[in-house]
file work.pdb (PDB, C-alpha atoms, pLDDT in the B column)
ATOM      1  CA  MET A   1      16.782 188.599 136.486  1.00 44.00           C
ATOM      2  CA  ARG A   2      16.967 184.808 135.936  1.00 45.00           C
ATOM      3  CA  MET A   3      20.286 183.253 135.033  1.00 46.00           C
ATOM      4  CA  PRO A   4      20.312 180.873 131.998  1.00 45.00           C
ATOM      5  CA  ARG A   5      20.610 177.168 132.750  1.00 43.00           C
ATOM      6  CA  SER A   6      23.722 175.294 131.770  1.00 42.00           C
ATOM      7  CA  LEU A   7      23.386 172.981 128.779  1.00 41.00           C
ATOM      8  CA  THR A   8      25.551 170.286 130.446  1.00 43.00           C
ATOM      9  CA  ARG A   9      24.405 167.995 133.183  1.00 46.00           C
ATOM     10  CA  ARG A  10      26.362 167.094 136.224  1.00 47.00           C
ATOM     11  CA  PRO A  11      27.270 163.408 136.390  1.00 46.00           C
ATOM     12  CA  ARG A  12      25.376 161.348 138.849  1.00 50.00           C
ATOM     13  CA  PRO A  13      27.237 159.513 141.675  1.00 48.00           C
ATOM     14  CA  ALA A  14      26.364 156.072 140.196  1.00 48.00           C
ATOM     15  CA  ALA A  15      27.886 156.967 136.849  1.00 48.00           C
ATOM     16  CA  LEU A  16      31.053 158.184 138.544  1.00 45.00           C
ATOM     17  CA  LEU A  17      31.355 154.891 140.414  1.00 44.00           C
ATOM     18  CA  ALA A  18      30.907 152.793 137.248  1.00 50.00           C
ATOM     19  CA  ALA A  19      33.494 154.802 135.381  1.00 52.00           C
ATOM     20  CA  GLY A  20      35.966 154.391 138.209  1.00 55.00           C
ATOM     21  CA  LEU A  21      35.521 150.631 138.326  1.00 47.00           C
ATOM     22  CA  ALA A  22      35.977 150.353 134.552  1.00 54.00           C
ATOM     23  CA  THR A  23      39.216 152.338 134.711  1.00 57.00           C
ATOM     24  CA  ALA A  24      40.541 150.201 137.544  1.00 52.00           C
ATOM     25  CA  PHE A  25      39.703 147.007 135.628  1.00 48.00           C
ATOM     26  CA  LEU A  26      41.462 148.155 132.460  1.00 50.00           C
ATOM     27  CA  GLY A  27      44.529 149.158 134.451  1.00 55.00           C
ATOM     28  CA  ALA A  28      44.742 145.765 136.120  1.00 51.00           C
ATOM     29  CA  ALA A  29      44.330 143.970 132.774  1.00 50.00           C
ATOM     30  CA  ALA A  30      47.128 146.000 131.270  1.00 50.00           C
ATOM     31  CA  ALA A  31      49.387 145.217 134.208  1.00 50.00           C
ATOM     32  CA  LEU A  32      48.691 141.482 134.118  1.00 50.00           C
ATOM     33  CA  GLY A  33      49.154 141.202 130.349  1.00 51.00           C
ATOM     34  CA  PRO A  34      46.929 139.547 127.740  1.00 52.00           C
ATOM     35  CA  THR A  35      44.812 136.622 128.813  1.00 52.00           C
ATOM     36  CA  ALA A  36      45.334 133.220 127.148  1.00 50.00           C
ATOM     37  CA  ASP A  37      42.872 132.281 124.452  1.00 56.00           C
ATOM     38  CA  ALA A  38      41.893 128.609 124.548  1.00 55.00           C
ATOM     39  CA  ASP A  39      41.561 128.531 120.766  1.00 61.00           C
ATOM     40  CA  ALA A  40      44.900 130.255 120.027  1.00 57.00           C
ATOM     41  CA  PRO A  41      47.909 127.978 119.255  1.00 59.00           C
ATOM     42  CA  ALA A  42      50.575 127.698 121.904  1.00 60.00           C
ATOM     43  CA  ALA A  43      53.712 129.692 121.285  1.00 62.00           C
ATOM     44  CA  ALA A  44      56.726 127.651 120.078  1.00 58.00           C
ATOM     45  CA  PRO A  45      59.405 127.131 122.736  1.00 61.00           C
ATOM     46  CA  SER A  46      62.659 128.958 122.306  1.00 61.00           C
ATOM     47  CA  PRO A  47      65.280 126.771 120.533  1.00 61.00           C
ATOM     48  CA  ARG A  48      68.012 125.315 122.667  1.00 57.00           C
ATOM     49  CA  PRO A  49      71.583 126.232 121.835  1.00 58.00           C
ATOM     50  CA  ILE A  50      73.369 123.647 119.639  1.00 56.00           C
ATOM     51  CA  ALA A  51      75.862 121.613 121.594  1.00 52.00           C
ATOM     52  CA  THR A  52      79.290 121.289 120.003  1.00 54.00           C
ATOM     53  CA  VAL A  53      81.839 118.545 120.582  1.00 53.00           C
ATOM     54  CA  THR A  54      85.465 119.563 120.554  1.00 62.00           C
ATOM     55  CA  VAL A  55      87.883 116.918 119.241  1.00 64.00           C
ATOM     56  CA  ASP A  56      91.596 117.236 119.783  1.00 79.00           C
ATOM     57  CA  THR A  57      93.286 117.365 116.378  1.00 91.00           C
ATOM     58  CA  ALA A  58      96.400 115.757 117.779  1.00 91.00           C
ATOM     59  CA  ASP A  59      94.356 112.731 118.845  1.00 91.00           C
ATOM     60  CA  LEU A  60      92.909 112.379 115.337  1.00 93.00           C
ATOM     61  CA  VAL A  61      96.354 112.605 113.762  1.00 93.00           C
ATOM     62  CA  ALA A  62      97.635 109.947 116.136  1.00 94.00           C
ATOM     63  CA  ALA A  63      94.667 107.701 115.328  1.00 93.00           C
ATOM     64  CA  TYR A  64      95.200 108.153 111.567  1.00 95.00           C
ATOM     65  CA  ASN A  65      98.921 107.379 111.821  1.00 94.00           C
ATOM     66  CA  GLY A  66      98.183 104.312 113.928  1.00 94.00           C
ATOM     67  CA  GLY A  67      95.708 103.048 111.345  1.00 93.00           C
ATOM     68  CA  TRP A  68      98.178 103.721 108.518  1.00 94.00           C
ATOM     69  CA  THR A  69     100.906 101.697 110.209  1.00 94.00           C
ATOM     70  CA  ALA A  70      98.550  98.845 111.067  1.00 93.00           C
ATOM     71  CA  GLY A  71      97.180  98.754 107.525  1.00 92.00           C
ATOM     72  CA  VAL A  72     100.623  98.449 105.944  1.00 91.00           C
ATOM     73  CA  ALA A  73     101.616  95.743 108.411  1.00 91.00           C
ATOM     74  CA  ASP A  74      98.458  93.733 107.642  1.00 91.00           C
ATOM     75  CA  LEU A  75      98.700  93.971 103.854  1.00 87.00           C
ATOM     76  CA  GLY A  76      98.741  90.212 103.483  1.00 74.00           C
ATOM     77  CA  ASP A  77     100.175  88.904 100.216  1.00 75.00           C
ATOM     78  CA  GLY A  78     100.978  92.426  99.070  1.00 72.00           C
ATOM     79  CA  THR A  79      98.652  92.373  96.058  1.00 75.00           C
ATOM     80  CA  LYS A  80      95.267  93.335  97.482  1.00 81.00           C
ATOM     81  CA  PRO A  81      93.998  95.257 100.519  1.00 87.00           C
ATOM     82  CA  THR A  82      92.718  93.592 103.675  1.00 88.00           C
ATOM     83  CA  TYR A  83      90.147  94.659 106.258  1.00 86.00           C
ATOM     84  CA  PRO A  84      90.645  95.006 110.016  1.00 86.00           C
ATOM     85  CA  ASP A  85      88.904  92.512 112.269  1.00 80.00           C
ATOM     86  CA  VAL A  86      87.769  94.942 114.958  1.00 71.00           C
ATOM     87  CA  ILE A  87      84.458  95.617 116.674  1.00 67.00           C
ATOM     88  CA  THR A  88      83.945  99.221 117.726  1.00 73.00           C
ATOM     89  CA  ASP A  89      81.744 102.245 117.236  1.00 74.00           C
ATOM     90  CA  GLY A  90      82.534 103.262 113.683  1.00 75.00           C
ATOM     91  CA  SER A  91      80.945 106.702 114.059  1.00 81.00           C
ATOM     92  CA  THR A  92      83.404 108.168 116.555  1.00 88.00           C
ATOM     93  CA  PRO A  93      85.944 110.621 115.086  1.00 90.00           C
ATOM     94  CA  GLY A  94      88.887 108.608 116.371  1.00 90.00           C
ATOM     95  CA  THR A  95      87.647 105.399 114.754  1.00 90.00           C
ATOM     96  CA  VAL A  96      86.951 107.160 111.455  1.00 91.00           C
ATOM     97  CA  ALA A  97      90.468 108.614 111.447  1.00 93.00           C
ATOM     98  CA  TRP A  98      91.993 105.209 112.240  1.00 93.00           C
ATOM     99  CA  MET A  99      90.059 103.508 109.411  1.00 92.00           C
ATOM    100  CA  ASP A 100      91.057 106.267 106.983  1.00 93.00           C
ATOM    101  CA  GLY A 101      94.673 105.682 107.953  1.00 94.00           C
ATOM    102  CA  TRP A 102      94.299 101.924 107.411  1.00 92.00           C
ATOM    103  CA  THR A 103      92.851 102.415 103.917  1.00 92.00           C
ATOM    104  CA  ASP A 104      95.397 105.028 102.887  1.00 94.00           C
ATOM    105  CA  GLY A 105      98.315 103.027 104.288  1.00 93.00           C
ATOM    106  CA  GLN A 106      97.450  99.954 102.268  1.00 92.00           C
ATOM    107  CA  ALA A 107      96.690 101.980  99.151  1.00 93.00           C
ATOM    108  CA  ASP A 108     100.026 103.785  99.424  1.00 92.00           C
ATOM    109  CA  ALA A 109     101.897 100.523  99.898  1.00 91.00           C
ATOM    110  CA  LEU A 110     100.145  98.893  96.932  1.00 90.00           C
ATOM    111  CA  GLY A 111     100.368 101.917  94.651  1.00 91.00           C
ATOM    112  CA  ASP A 112      96.572 102.004  94.360  1.00 92.00           C
ATOM    113  CA  ASP A 113      96.402 105.681  93.488  1.00 91.00           C
ATOM    114  CA  ASN A 114      92.613 106.000  93.174  1.00 90.00           C
ATOM    115  CA  ARG A 115      91.926 103.998  96.369  1.00 88.00           C
ATOM    116  CA  ASP A 116      89.495 101.570  94.683  1.00 88.00           C
ATOM    117  CA  GLY A 117      91.214  98.426  95.985  1.00 84.00           C
ATOM    118  CA  VAL A 118      92.669  97.400  92.596  1.00 84.00           C
ATOM    119  CA  VAL A 119      96.012  98.395  91.093  1.00 86.00           C
ATOM    120  CA  ASP A 120      95.281  99.355  87.489  1.00 81.00           C
ATOM    121  CA  GLU A 121      97.723  99.536  84.622  1.00 73.00           C
ATOM    122  CA  ASP A 122      98.051 103.320  84.757  1.00 74.00           C
ATOM    123  CA  GLU A 123      98.698 103.499  88.523  1.00 85.00           C
ATOM    124  CA  SER A 124     102.010 103.822  90.318  1.00 86.00           C
ATOM    125  CA  GLY A 125     101.872 100.297  91.756  1.00 87.00           C
ATOM    126  CA  TRP A 126     101.552  98.605  88.360  1.00 80.00           C
ATOM    127  CA  ASP A 127     104.481  96.379  87.367  1.00 79.00           C
ATOM    128  CA  CYS A 128     104.260  95.491  83.694  1.00 73.00           C
ATOM    129  CA  GLN A 129     106.881  92.779  84.161  1.00 69.00           C
ATOM    130  CA  THR A 130     104.799  90.780  86.655  1.00 75.00           C
ATOM    131  CA  MET A 131     101.183  91.995  86.281  1.00 77.00           C
ATOM    132  CA  GLY A 132      98.521  91.573  83.640  1.00 68.00           C
ATOM    133  CA  ASN A 133      99.844  90.213  80.359  1.00 62.00           C
ATOM    134  CA  ARG A 134     103.423  90.973  81.495  1.00 66.00           C
ATOM    135  CA  LEU A 135     103.990  93.191  78.486  1.00 67.00           C
ATOM    136  CA  CYS A 136     105.178  96.724  78.993  1.00 71.00           C
ATOM    137  CA  GLY A 137     103.837  99.566  76.927  1.00 65.00           C
ATOM    138  CA  ALA A 138     107.017 100.059  74.925  1.00 62.00           C
ATOM    139  CA  ASP A 139     106.949  96.369  73.927  1.00 70.00           C
ATOM    140  CA  VAL A 140     103.425  96.462  72.496  1.00 83.00           C
ATOM    141  CA  PRO A 141     103.277  97.690  68.881  1.00 88.00           C
ATOM    142  CA  PRO A 142     100.240  99.657  67.722  1.00 88.00           C
ATOM    143  CA  GLU A 143      99.226  96.771  65.425  1.00 92.00           C
ATOM    144  CA  CYS A 144      98.452  94.722  68.536  1.00 91.00           C
ATOM    145  CA  LYS A 145      96.198  97.271  70.194  1.00 87.00           C
ATOM    146  CA  GLY A 146      92.961  95.566  71.217  1.00 87.00           C
ATOM    147  CA  ALA A 147      94.351  92.075  70.607  1.00 88.00           C
ATOM    148  CA  GLY A 148      92.945  90.913  73.955  1.00 86.00           C
ATOM    149  CA  GLU A 149      93.940  87.374  74.939  1.00 87.00           C
ATOM    150  CA  ALA A 150      96.014  87.036  71.751  1.00 91.00           C
ATOM    151  CA  LEU A 151      98.257  89.947  72.724  1.00 89.00           C
ATOM    152  CA  ARG A 152     101.337  87.882  73.493  1.00 87.00           C
ATOM    153  CA  LEU A 153     101.048  86.000  70.216  1.00 92.00           C
ATOM    154  CA  CYS A 154     100.506  89.274  68.393  1.00 93.00           C
ATOM    155  CA  VAL A 155     103.656  90.771  69.911  1.00 91.00           C
ATOM    156  CA  THR A 156     105.579  87.621  68.958  1.00 91.00           C
ATOM    157  CA  VAL A 157     104.455  87.844  65.323  1.00 94.00           C
ATOM    158  CA  ALA A 158     105.063  91.592  65.210  1.00 93.00           C
ATOM    159  CA  SER A 159     108.681  91.052  66.297  1.00 91.00           C
ATOM    160  CA  GLN A 160     109.432  88.617  63.445  1.00 92.00           C
ATOM    161  CA  PRO A 161     111.642  90.000  60.685  1.00 92.00           C
ATOM    162  CA  ALA A 162     110.986  89.758  56.974  1.00 93.00           C
ATOM    163  CA  TYR A 163     111.792  86.328  55.618  1.00 92.00           C
ATOM    164  CA  GLY A 164     111.526  84.195  52.471  1.00 90.00           C
ATOM    165  CA  TRP A 165     112.033  80.676  51.181  1.00 88.00           C
ATOM    166  CA  ASP A 166     112.802  78.948  47.909  1.00 89.00           C
ATOM    167  CA  ILE A 167     109.916  77.272  46.184  1.00 88.00           C
ATOM    168  CA  PRO A 168     110.784  73.699  45.123  1.00 87.00           C
ATOM    169  CA  GLU A 169     109.161  74.203  41.733  1.00 86.00           C
ATOM    170  CA  GLY A 170     111.330  77.215  41.211  1.00 87.00           C
ATOM    171  CA  GLY A 171     111.280  80.789  42.320  1.00 88.00           C
ATOM    172  CA  ARG A 172     111.153  82.325  45.770  1.00 90.00           C
ATOM    173  CA  ALA A 173     108.437  83.516  48.184  1.00 90.00           C
ATOM    174  CA  ASP A 174     109.102  86.563  50.317  1.00 92.00           C
ATOM    175  CA  ASN A 175     107.112  87.899  53.262  1.00 93.00           C
ATOM    176  CA  PRO A 176     107.460  91.316  54.907  1.00 94.00           C
ATOM    177  CA  ASP A 177     108.128  91.717  58.612  1.00 94.00           C
ATOM    178  CA  GLY A 178     105.607  90.715  61.212  1.00 95.00           C
ATOM    179  CA  ARG A 179     104.069  94.142  61.720  1.00 95.00           C
ATOM    180  CA  ALA A 180     103.353  94.501  58.021  1.00 95.00           C
ATOM    181  CA  ARG A 181     101.817  91.015  57.926  1.00 96.00           C
ATOM    182  CA  ILE A 182      99.539  91.884  60.848  1.00 96.00           C
ATOM    183  CA  ARG A 183      98.434  95.089  59.131  1.00 95.00           C
ATOM    184  CA  ASP A 184      97.484  93.059  56.064  1.00 95.00           C
ATOM    185  CA  LEU A 185      95.069  90.896  58.055  1.00 96.00           C
ATOM    186  CA  GLU A 186      91.372  91.488  57.437  1.00 94.00           C
ATOM    187  CA  GLU A 187      90.365  90.041  60.811  1.00 95.00           C
ATOM    188  CA  LYS A 188      89.527  92.501  63.577  1.00 93.00           C
ATOM    189  CA  PRO A 189      91.783  92.524  66.677  1.00 92.00           C
ATOM    190  CA  GLY A 190      90.188  90.982  69.717  1.00 90.00           C
ATOM    191  CA  THR A 191      88.130  88.435  67.760  1.00 94.00           C
ATOM    192  CA  PRO A 192      88.728  84.646  67.612  1.00 94.00           C
ATOM    193  CA  GLU A 193      89.381  85.002  63.887  1.00 96.00           C
ATOM    194  CA  PHE A 194      92.197  87.474  64.569  1.00 96.00           C
ATOM    195  CA  ALA A 195      93.823  85.076  67.019  1.00 95.00           C
ATOM    196  CA  ALA A 196      93.560  82.221  64.515  1.00 96.00           C
ATOM    197  CA  ALA A 197      95.132  84.345  61.772  1.00 96.00           C
ATOM    198  CA  LEU A 198      98.015  85.253  64.065  1.00 97.00           C
ATOM    199  CA  GLY A 199      98.536  81.559  64.792  1.00 96.00           C
ATOM    200  CA  ALA A 200      98.737  80.837  61.065  1.00 96.00           C
ATOM    201  CA  LEU A 201     101.284  83.613  60.512  1.00 96.00           C
ATOM    202  CA  ASP A 202     103.442  82.364  63.363  1.00 95.00           C
ATOM    203  CA  ALA A 203     103.267  78.744  62.166  1.00 94.00           C
ATOM    204  CA  GLU A 204     104.282  79.733  58.635  1.00 93.00           C
ATOM    205  CA  TYR A 205     107.232  81.707  59.955  1.00 94.00           C
ATOM    206  CA  ARG A 206     108.451  78.799  62.076  1.00 91.00           C
ATOM    207  CA  GLU A 207     107.981  76.329  59.262  1.00 90.00           C
ATOM    208  CA  HIS A 208     110.212  78.116  56.812  1.00 87.00           C
ATOM    209  CA  GLN A 209     112.747  79.604  59.202  1.00 75.00           C
ATOM    210  CA  PRO A 210     113.899  82.996  58.018  1.00 61.00           C
ATOM    211  CA  ARG A 211     117.003  83.308  55.894  1.00 57.00           C
ATOM    212  CA  GLY A 212     119.176  86.256  55.259  1.00 49.00           C
TER     213      GLY A 212
END

call {"tool": "encode", "arguments": {"input": "work.pdb", "output": "structure tokens"}}
result
Amino acid sequence: MRMPRSLTRRPRPAALLAAGLATAFLGAAAALGPTADADAPAAAPSPRPIATVTVDTADLVAAYNGGWTAGVADLGDGTKPTYPDVITDGSTPGTVAWMDGWTDGQADALGDDNRDGVVDEDESGWDCQTMGNRLCGADVPPECKGAGEALRLCVTVASQPAYGWDIPEGGRADNPDGRARIRDLEEKPGTPEFAAALGALDAEYREHQPRG
């Protein structure tokens, strides 16, 4: 009785050798990792850690205080800030702190509250007795608001009392006080016409001399 033949074939020795070489090659490639592709972009290098500079706070405080003292001492005539005549690296923390101290010291001494280099009327360093028009707020009546360069004359007229004089032909002329006379003016405060009108009011008052 004949046995049936198997439907599968035994592999030939050459095929076994080729398969073995292919397996060995794939194993080596896996161990060595992927090969570089000439057309593929190079991988970006890993970022370096950011270097930090530690500054001693005590040193900055000392630099600021030194600048503050130097700024006050070099205030000059005491009405406007000055600037230090130094040559140094202005970007270093110590120099920045010293310059801040200089600016703040002079501003504090001047009363320049907003640190803009000018003492304005609403700042702590303003002295209404010696600065500007030398008129303090309580001495300026509302009728003189916006009088500009004629402010002093306006305040003078506004302070004049009511007065009158006898007319030679008979009768009497009476004028109200200065504030009322200013309110009666048609000229706008701050204009040359307003200043001229104030001058006329003052001249009339002085001409007739007030009587009781």

call {"tool": "atom_distance", "arguments": {"input": "work.pdb", "atom1": "atom CA of Ser124 of chain A", "atom2": "atom CA of Gly148 of chain A"}}
result
22.7 Å

call {"tool": "resolve_selection", "arguments": {"input": "work.pdb", "expression": "the PyMOL selection byres ((chain A and resi 191) around 10)", "output": "number ranges by chain"}}
result
A: 146-150, 187-190, 192-196

call {"tool": "closest_residue", "arguments": {"input": "work.pdb", "among": "A:Glu143, A:Asp77, A:Glu204, A:Glu169", "to": "Arg183 of chain A", "atoms": "only C-alpha atoms"}}
result
A:Glu143

call {"tool": "atom_distance", "arguments": {"input": "work.pdb", "atom1": "atom CA of Lys80 of chain A", "atom2": "atom CA of Val96 of chain A"}}
result
21.3 Å

call {"tool": "atom_distance", "arguments": {"input": "work.pdb", "atom1": "atom CA of Cys128 of chain A", "atom2": "atom CA of Gly76 of chain A"}}
result
21.2 Å

call {"tool": "residues_around", "arguments": {"input": "work.pdb", "residues": "Asp122 of chain A", "least_positions_apart": "3", "cutoff": "12 Å", "atoms": "all atoms listed in the file", "output": "PyMOL selection string"}}
result
chain A and resi 111-114+118-119+125-128+131-132+136-137

call {"tool": "resolve_selection", "arguments": {"input": "work.pdb", "expression": "the PyMOL selection byres ((chain A and resi 90-93) around 10)", "output": "VMD selection string"}}
result
chain A and resid 55 to 56 59 to 60 63 86 to 89 94 to 99

call {"tool": "build_atoms", "arguments": {"input": "work.pdb", "residues": "segment 174-187 of chain A", "atoms": "N, CA, C and O atoms", "output": "short mmCIF file (atom, residue, chain, number, x, y, z; two decimals), in the coordinates of the input"}}
result
data_model
loop_
_atom_site.label_atom_id
_atom_site.label_comp_id
_atom_site.auth_asym_id
_atom_site.auth_seq_id
_atom_site.Cartn_x
_atom_site.Cartn_y
_atom_site.Cartn_z
N ASP A 174 108.59 85.62 49.31
CA ASP A 174 109.10 86.56 50.32
C ASP A 174 107.94 87.17 51.09
O ASP A 174 106.90 87.52 50.52
N ASN A 175 108.11 87.29 52.39
CA ASN A 175 107.11 87.90 53.26
C ASN A 175 107.73 89.11 53.96
O ASN A 175 108.91 89.08 54.33
N PRO A 176 106.94 90.15 54.17
CA PRO A 176 107.46 91.32 54.91
C PRO A 176 107.58 90.98 56.39
O PRO A 176 107.28 89.87 56.84
N ASP A 177 107.98 91.96 57.17
CA ASP A 177 108.13 91.72 58.61
C ASP A 177 106.76 91.50 59.26
O ASP A 177 105.71 91.68 58.64
N GLY A 178 106.83 91.10 60.52
CA GLY A 178 105.61 90.72 61.21
C GLY A 178 104.58 91.83 61.33
O GLY A 178 103.37 91.59 61.19
N ARG A 179 105.01 93.04 61.57
CA ARG A 179 104.07 94.14 61.72
C ARG A 179 103.31 94.39 60.43
O ARG A 179 102.10 94.64 60.44
N ALA A 180 104.01 94.30 59.32
CA ALA A 180 103.35 94.50 58.02
C ALA A 180 102.36 93.37 57.75
O ALA A 180 101.27 93.60 57.22
N ARG A 181 102.73 92.14 58.14
CA ARG A 181 101.82 91.02 57.93
C ARG A 181 100.56 91.16 58.78
O ARG A 181 99.46 90.78 58.34
N ILE A 182 100.72 91.68 59.99
CA ILE A 182 99.54 91.88 60.85
C ILE A 182 98.64 92.96 60.25
O ILE A 182 97.41 92.84 60.25
N ARG A 183 99.24 94.01 59.74
CA ARG A 183 98.43 95.09 59.13
C ARG A 183 97.65 94.60 57.92
O ARG A 183 96.60 95.14 57.59
N ASP A 184 98.17 93.58 57.25
CA ASP A 184 97.48 93.06 56.06
C ASP A 184 96.31 92.15 56.40
O ASP A 184 95.53 91.79 55.52
N LEU A 185 96.17 91.78 57.67
CA LEU A 185 95.07 90.90 58.06
C LEU A 185 93.73 91.63 57.95
O LEU A 185 93.63 92.81 58.28
N GLU A 186 92.72 90.92 57.51
CA GLU A 186 91.37 91.49 57.44
C GLU A 186 90.61 91.27 58.74
O GLU A 186 89.60 91.95 58.98
N GLU A 187 91.06 90.33 59.56
CA GLU A 187 90.36 90.04 60.81
C GLU A 187 90.54 91.18 61.80
O GLU A 187 91.59 91.83 61.85
#
